[in-house]
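K.L.:
One structure, as structure tokens, below. Some questions next.
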Amino acid sequence: MSPAQRVEIISSIRQVASKAFFQQGKFGLQNETYYWQAAYHLNIRLYEKLLNGVFDILDEGQLIEEADAILSLIKLTWSTLGITDKLHDALYGWALVQQFVDTAEGTLLEHAVLQLQRVVSAKEDDCNEGQYMNSITCLKERNGSKKKLNLVQSIFLSIGTWCDSKLQDYHLHFSEEPVHFKKVVALASTIGMLSSADCADKVIVNASREKIKSYVERSVEAAIGRVAITVLESKERTHPLALLANQLRLIADRELKIFFPVLRQWSPESMMISVQKLHQFFGERLIPFLKGVSSLSEDARSVLPAAYALDNELGQLYTSALEEQKVQHSPRPYLDHYQIEKVSGPLIIDWVIGQHTRILEWTRRALELEDWEPLSFHQRQAASIVEVFRILEETVDQLFGMNLPLDITHLQALLSIVFHSLDAYLQRVLNQLDYGSFFSSIAHITEYNLRRDDGTLNIAVEKNHLYPSAPPLTRYTETAIPLIKKRLNEYKILDDIMLDRLNEMTIPKLCIRLNTLKYIQKQVGVLEDDIRNSWAAVRPSLNQTQGDEQTNMKQHKSVAIYNMNFLFKIFRIFPSFHPAEEEPVMILESDSLTHNETVDELFGTTFNIIRDTAKDIGQKTCDLIGTRVVFWDLRDAFLFHLYRGNVESTRLESFLPDFDTEGFVWVLLDGGPCRAFSDSDIILMEEDLLTLKEFFIADGEGLPESLVEQEAKFAERILHMFSLQTETVIQMLMTASELISMGLDSNKQGHTNLGDAHTLMRVLCHKKDREASKFLKVQYQLPMSSDYDDTPLGGSTSRLPRMSDVLKRSTSIRWNKKRQSSFKSMKKKIQGATNEIRNLVAIVEGNGRS
């Protein structure tokens with residue numbers, strides 16, 4: 001319009017308004033004029049425009065800081081425009097709702113709810129105000145017909161229509177902004193669309209409940225429809241059913257976390273409705289797929305876990321909904337599960353069987369390629385065991401990563417793989433040691449007992465066979481006339497094959513084996529914890545409620561049947577791994593304790609056997625390492641030279657880097673004719689033993705001092721026995737011989753003790769003492785040591801008395817009068833040494849050693 005036209009129109013409005021303003025009102029309200037009712041259309045529009053002044057023009061979702069002041073100024077217009085408190089609250093609430101619709105600012109909706117609650121709770125002072133409010137009418141179309149409503153009713157109807165349009169598909173409108181959902185429901189409740197359960201009018205409550213059910217059904221159906229379209233249009237390689245299941249889970253998750261906590265006030269069964277819709281829709285499409293599954297194909301691995309996860313989640317939601325609804329009547333509504341375990345259970349067993357064969361084959365190949373070199377400078381174990389554990393861990397991850405229902409049969413099958421794989425590895429390590437074949441020549445064994453299936457030699461060799469043969473007994477004596485000495489010891493020259501095997505099985509490679517065994521003991525604990533944690537995360541809950549009791553029992557019985565079939569199948573495939581002799585039984589809810597005990601027994605049986613086997617083989621490896629170092633690799637370095645000829649010129653310092661306490665005792669007792677020790681030698685030898693202990697302790701950097709002291713005790717006591725008077729040792733030998741005659745020989749099992757006849761005899765043979773030599777000559781007819789040369793340079797045909805023959809002879813000797821007389825003086829000397837014997841006996845009784 002031109003300025004002149006605007007002035008003309010405004011003048012006309014002013015003229016009409018002035019005439020109406022000075023006329024008396026119709027309803028008798030304070031300050032009322034005829035203008036209020038006659039021009040309410042204009043007045044309401046003007047007031048709406050004034051109310052919009054509280055919104056920030058730069059950020060329309062926010063109120064300006066001066067909003068309260070603006071509202072106070074606007075209130076000055078009430079007497080002119082015919083606005084009451086109730087009209088103000090209704091119009092201001094409506095303005096806030098419209099501004100929220102335009103800006104999606106949730107704070108505006110909160111303010112709107114407060115304003116509209118004031119409208120609902122406001123009380124009219126008299127009927128005149130009510131008549132005035134009803135005179136302000138609007139024409140609204142509802143259900144295809146037009147109807148006149150007063151202004152407040154019209155505002156509430158408009159707001160209700162908007163709320164209804166949003167709640168009909170709340171998954172669409174509030175999934176991105178879930179915080180608004182609660183506010184919109186609160187707004188709908190405020191304007192009377194919904195009534196809570198504590199309302200006195202049950203008809204209104206039931207109407208609200210039905211309205212919520214309608215919202216849930218329509219919204220879930222709409223969400224499912226959108227998801228189905230998305231899946232059909234998807235270009236992902238994942239099977240459509242898997243994509244659909246995952247999307248339906250998202251719908252269920254939103255329903256649980258966002259919508260149900262709000263809707264439960266009006267409809268506790270709303271969760272059940274949504275679950276049933278989702279479950280039925282997916283089930284109709286899943287059942288045909290399940291009928292065609294015959295293996296864990298790529299599609300099956302994709303669909304089955306997704307279907308199981310959806311079924312499990314919907315089942316939990318359904319159970320929670322039943323508890324929420326407090327359904328008491330019987331029978332209770334039941335959700336028909338997809339029974340994924342019936343389809344996947346046998347398929348998982350078949351997969352495990354395939355893995356079992358593959359891993360055993362890989363274990364064999366890994367050991368065939370193993371060169372027993374360290375994996376790295378910091379990882380001293382063999383590469384093969386790292387690969388074995390890698391493939392076992394990969395198998396565990398794959399099994400539990402399938403996200404399919406697992407039961408104890410699957411756990412047993414998995415533990416069977418672990419057990420057989422590691423046990424096969426350990427047995428091959430033990431077979432590769434084959435220490436009997438390495439030392440067969442040392443043990444003077446010439447016949448091989450049997451051959452293994454793989455062609456390697458298997459020789460039954462006891463540990464004592466690994467030591468050099470004990471030399472025949474002689475008595476110490478010197479000769480002044482040089483004689484041609486007889487060759488004493490006999491050593492067999494190894495053939496080329498045996499030398500190659502010895503060269504291949506070096507000490508470093510044996511140590512790598514030992515490190516590998518320790519690695520197994522450590523790593524099985526890690527593997528056990530991994531499997532236990534994974535099992536705890538996926539094992540089925542025995543206490544989960546899944547419907548009425550009759551249906552539960554029917555399902556348990558069905559599951560038990562195929563569980564038993566699985567168990568029998570496993571036992572046929574893994575016959576050597578059967579931790580329980582009883583037949584498999586079905587596990588019910590009341591058997592949860594037994595179930596847990598069975599699981600613990602499975603873990604204990606599997607991993608404890610592996611630990612014990614690795615420990616035993618490790619001990620054998622340690623024995624092999626120590627025995628080889630001392631009695632094979634170092635035999636020329638120190639066994640045949642320490643204290644040879646005389647002690648003073650062959651002290652320990654020359655052999656210290658290659659020494660061991662075990663070899664020290666061998667030198668003292670089995671050193672042969674070239675070794676004889678006087679009292680002065682014992683002092684030097686004790687110094688050597690002290691040096692040897694310090695060598696192993698290495699100023700705290702070596703072995704623990706307590707361990708070294710324990711290992712050195714036997715050698716110390718042997719040296720102490722050499723320092724005893726000859727008469728004392730002879731008397732002890734006589735006593736020990738009598739024990740042999742009575743069948744009480746402590747050495748009959750091959751054990752060496754301080755007080756047995758074998759040890760005492762060898763002490764006398766190695767004492768550089770005339771009286772000991774005379775006793776051995778008279779009593780046992782032992783030849784002189786000076787007649788023999790025990791240098792290991794070849795064979796000898798000498799026939800010297802052996803220990804067993806000598807001791808047998810000693811038990812049958814009867815002393816004649818002359819001998820008895822000659823030993824009377826000796827007996828007196830022995831009686832004088834009573835304290836010394838008593839002290840030694842105390843040592844023998846408390847600290848015998850095998």
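Following the order of the structure tokens, chains are lettered A, B, ..., residues in each are numbered from 1, and ligands are numbered from 1.
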From a DSSP calculation on the backbone, collect every residue of region 118-203 of chain A in helix (DSSP H, G or I) and output the set as a ChimeraX atom specification.

P.N.:
/A:118-121,127-135,151-167,170-174,179-190,202-203

K.L.:
For Ala424 (chain A), list every protein, DNA or RNA residue within 9 Å, evaluated using only C-alpha atoms, and leave out those in the same chain fewer than 4 positions away; present the list as a list in words.

P.N.:
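These residues fall inside the cut-off: Leu360, Thr363, Arg364, Phe419, His420, Arg428 and Val429 of chain A.
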
K.L.:
Pick the closest to Ser158 (chain A) from A:Ile683, A:Val303, A:Leu707, A:Ala95: which is it, counting only C-alpha atoms?

P.N.:
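Comparing A:Ile683, A:Val303, A:Leu707, A:Ala95 against Ser158 (chain A), the winner is A:Ala95.
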
K.L.:
When you count only C-alpha atoms, which of these residues is closest to Gln62 (chain A): A:Ala39, A:Leu81, A:Ile74, A:Leu96?

P.N.:
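Ranking A:Ala39, A:Leu81, A:Ile74, A:Leu96 by distance to Gln62 (chain A), first place goes to A:Leu96.
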
K.L.:
So the first atom is CA of Pro346 (chain A) and the second is CA of Ala242 (chain A); what is the distance between them in Å, to one decimal place?

P.N.:
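That distance, rounded to one decimal, is 20.7 Å.
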
K.L.:
Ranking A:Ser175, A:Ser11, A:Thr103, A:Ser741 by minimum distance to Ile251 (chain A) and counting only C-alpha atoms, which one comes first?

P.N.:
A:Ser175

K.L.:
Compile the contact shell of Gln280 (chain A) as a list in words: residues with an atom at most 12 Å away, counting only C-alpha atoms, same-chain residues fewer than 4 positions apart removed.

P.N.:
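Within the cut-off, the hits are Glu221, Ile224, Ala245, Leu248, Met272, Ile273, Ser274, Val275, Gln276, Glu284, Arg285, Leu286, Ile287, Leu310, Asp311, Leu314, Leu335, Asp336, His337 and Tyr338 of chain A.
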
K.L.:
Compare A:His88, A:Arg218, A:Arg118, A:Lys123 by their minimum atom-to-atom distance to Tyr47 (chain A), counting only C-alpha atoms, and give me the closest one.

P.N.:
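Closest residue, counting only C-alpha atoms: A:His88.
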
K.L.:
From the set A:Gln339, A:Asn596, A:Ser135, A:Gln523, which residue has the shortest atom-to-atom contact distance to Arg390 (chain A), counting only C-alpha atoms?

P.N.:
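Closest to Arg390 (chain A) of all the choices is A:Gln523.
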
K.L.:
Could you give me the residues within region 102-199 of chain A that DSSP places in strand (DSSP E or B), as number ranges by chain?

P.N.:
A: 137-142, 145-150

K.L.:
Residues of the last selection are to be written out with all heavy atoms, as a compact mmCIF listing (two decimals), in the first residue's frame.

P.N.:
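So result.txt came out as:
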# COMPACT_ATOMS: atom_id res chain seq x y z
N THR A 137 -14.18 -17.54 19.96
CA THR A 137 -14.30 -18.83 19.28
C THR A 137 -13.43 -18.88 18.03
O THR A 137 -13.04 -17.85 17.46
CB THR A 137 -15.75 -19.11 18.90
OG1 THR A 137 -16.22 -18.08 18.02
CG2 THR A 137 -16.62 -19.17 20.14
N CYS A 138 -13.13 -20.15 17.66
CA CYS A 138 -12.41 -20.41 16.43
C CYS A 138 -13.12 -21.55 15.71
O CYS A 138 -13.73 -22.42 16.35
CB CYS A 138 -10.97 -20.80 16.70
SG CYS A 138 -9.99 -19.53 17.53
N LEU A 139 -13.01 -21.58 14.40
CA LEU A 139 -13.61 -22.65 13.62
C LEU A 139 -12.53 -23.67 13.28
O LEU A 139 -11.54 -23.35 12.62
CB LEU A 139 -14.22 -22.09 12.33
CG LEU A 139 -15.14 -23.04 11.56
CD1 LEU A 139 -16.35 -23.41 12.39
CD2 LEU A 139 -15.58 -22.37 10.24
N LYS A 140 -12.69 -24.90 13.78
CA LYS A 140 -11.68 -25.94 13.59
C LYS A 140 -12.29 -27.14 12.86
O LYS A 140 -13.43 -27.52 13.13
CB LYS A 140 -11.12 -26.43 14.93
CG LYS A 140 -10.17 -25.45 15.59
CD LYS A 140 -8.85 -25.38 14.83
CE LYS A 140 -7.85 -24.49 15.53
NZ LYS A 140 -6.58 -24.42 14.80
N GLU A 141 -11.48 -27.72 11.96
CA GLU A 141 -11.94 -28.91 11.26
C GLU A 141 -11.42 -30.14 11.99
O GLU A 141 -10.23 -30.28 12.25
CB GLU A 141 -11.42 -28.89 9.81
CG GLU A 141 -11.97 -30.04 8.99
CD GLU A 141 -11.57 -29.94 7.52
OE1 GLU A 141 -11.05 -28.88 7.12
OE2 GLU A 141 -11.78 -30.92 6.79
N ARG A 142 -12.32 -31.04 12.29
CA ARG A 142 -11.96 -32.22 13.08
C ARG A 142 -12.76 -33.40 12.60
O ARG A 142 -13.99 -33.36 12.55
CB ARG A 142 -12.21 -31.98 14.57
CG ARG A 142 -11.68 -33.08 15.48
CD ARG A 142 -11.88 -32.69 16.93
NE ARG A 142 -11.27 -33.66 17.82
CZ ARG A 142 -11.34 -33.60 19.15
NH1 ARG A 142 -11.99 -32.58 19.73
NH2 ARG A 142 -10.78 -34.53 19.89
N SER A 145 -15.24 -32.70 9.76
CA SER A 145 -16.30 -31.71 9.95
C SER A 145 -15.75 -30.50 10.70
O SER A 145 -14.80 -30.63 11.46
CB SER A 145 -17.47 -32.32 10.74
OG SER A 145 -17.03 -32.72 12.03
N LYS A 146 -16.36 -29.33 10.46
CA LYS A 146 -15.93 -28.11 11.11
C LYS A 146 -16.73 -27.87 12.37
O LYS A 146 -17.94 -28.12 12.42
CB LYS A 146 -16.08 -26.93 10.16
CG LYS A 146 -15.14 -26.99 8.96
CD LYS A 146 -15.25 -25.76 8.09
CE LYS A 146 -14.27 -25.81 6.92
NZ LYS A 146 -14.36 -24.61 6.05
N LYS A 147 -15.98 -27.40 13.38
CA LYS A 147 -16.63 -27.23 14.68
C LYS A 147 -16.08 -25.97 15.34
O LYS A 147 -14.90 -25.67 15.24
CB LYS A 147 -16.35 -28.45 15.56
CG LYS A 147 -17.07 -28.44 16.89
CD LYS A 147 -16.78 -29.73 17.66
CE LYS A 147 -17.52 -29.74 18.99
NZ LYS A 147 -17.25 -30.99 19.74
N LYS A 148 -17.00 -25.25 16.01
CA LYS A 148 -16.60 -24.05 16.72
C LYS A 148 -16.07 -24.43 18.11
O LYS A 148 -16.72 -25.14 18.86
CB LYS A 148 -17.77 -23.09 16.87
CG LYS A 148 -17.89 -22.08 15.75
CD LYS A 148 -18.92 -21.02 16.12
CE LYS A 148 -18.95 -19.95 15.03
NZ LYS A 148 -19.90 -18.86 15.39
N LEU A 149 -14.88 -23.90 18.45
CA LEU A 149 -14.27 -24.13 19.76
C LEU A 149 -13.83 -22.80 20.32
O LEU A 149 -13.50 -21.86 19.56
CB LEU A 149 -13.06 -25.06 19.64
CG LEU A 149 -13.31 -26.45 19.05
CD1 LEU A 149 -11.98 -27.17 18.84
CD2 LEU A 149 -14.22 -27.27 19.96
N ASN A 150 -13.83 -22.68 21.65
CA ASN A 150 -13.28 -21.46 22.21
C ASN A 150 -11.78 -21.44 22.04
O ASN A 150 -11.16 -22.44 21.63
CB ASN A 150 -13.70 -21.28 23.68
CG ASN A 150 -13.09 -22.35 24.58
OD1 ASN A 150 -11.94 -22.75 24.42
ND2 ASN A 150 -13.89 -22.83 25.54

K.L.:
Measuring between only C-alpha atoms, which one of A:His595, A:Lys211, A:Arg762, A:Arg380 shows the shortest distance to Lys509 (chain A)?

P.N.:
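Among the listed residues, the smallest separation from Lys509 (chain A) belongs to A:Arg380.
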
K.L.:
Using Å and a single decimal, report how far CA of Ile83 (chain A) sits from CA of Tyr34 (chain A).

P.N.:
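Interatomic distance here is 13.3 Å.
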
K.L.:
Would you list the contacts of Leu703 (chain A) as a PDB file with C-alpha atoms, in the first residue's frame, taking every protein, DNA or RNA residue within 10 Å and counting only C-alpha atoms, but skipping same-chain residues closer than 6 positions in sequence?

P.N.:
ATOM      1  CA  LYS A 693      80.214 -72.856  46.517  1.00  0.00           C
ATOM      2  CA  GLU A 694      81.339 -69.250  46.140  1.00  0.00           C
ATOM      3  CA  PHE A 695      81.628 -69.812  42.401  1.00  0.00           C
ATOM      4  CA  PHE A 696      77.976 -70.826  42.145  1.00  0.00           C
ATOM      5  CA  ILE A 697      76.738 -68.060  44.468  1.00  0.00           C
TER       6      ILE A 697
END

K.L.:
So that I can check the surroundings of Arg249 (chain A), please list as an MDAnalysis selection string every protein, DNA and RNA residue that reaches within 12 Å of it, counting only C-alpha atoms and ignoring chain neighbours fewer than 2 positions away.

P.N.:
chainID A and resid 223:224 227 242:247 251:256 274:275 278:279 282 306:315 317
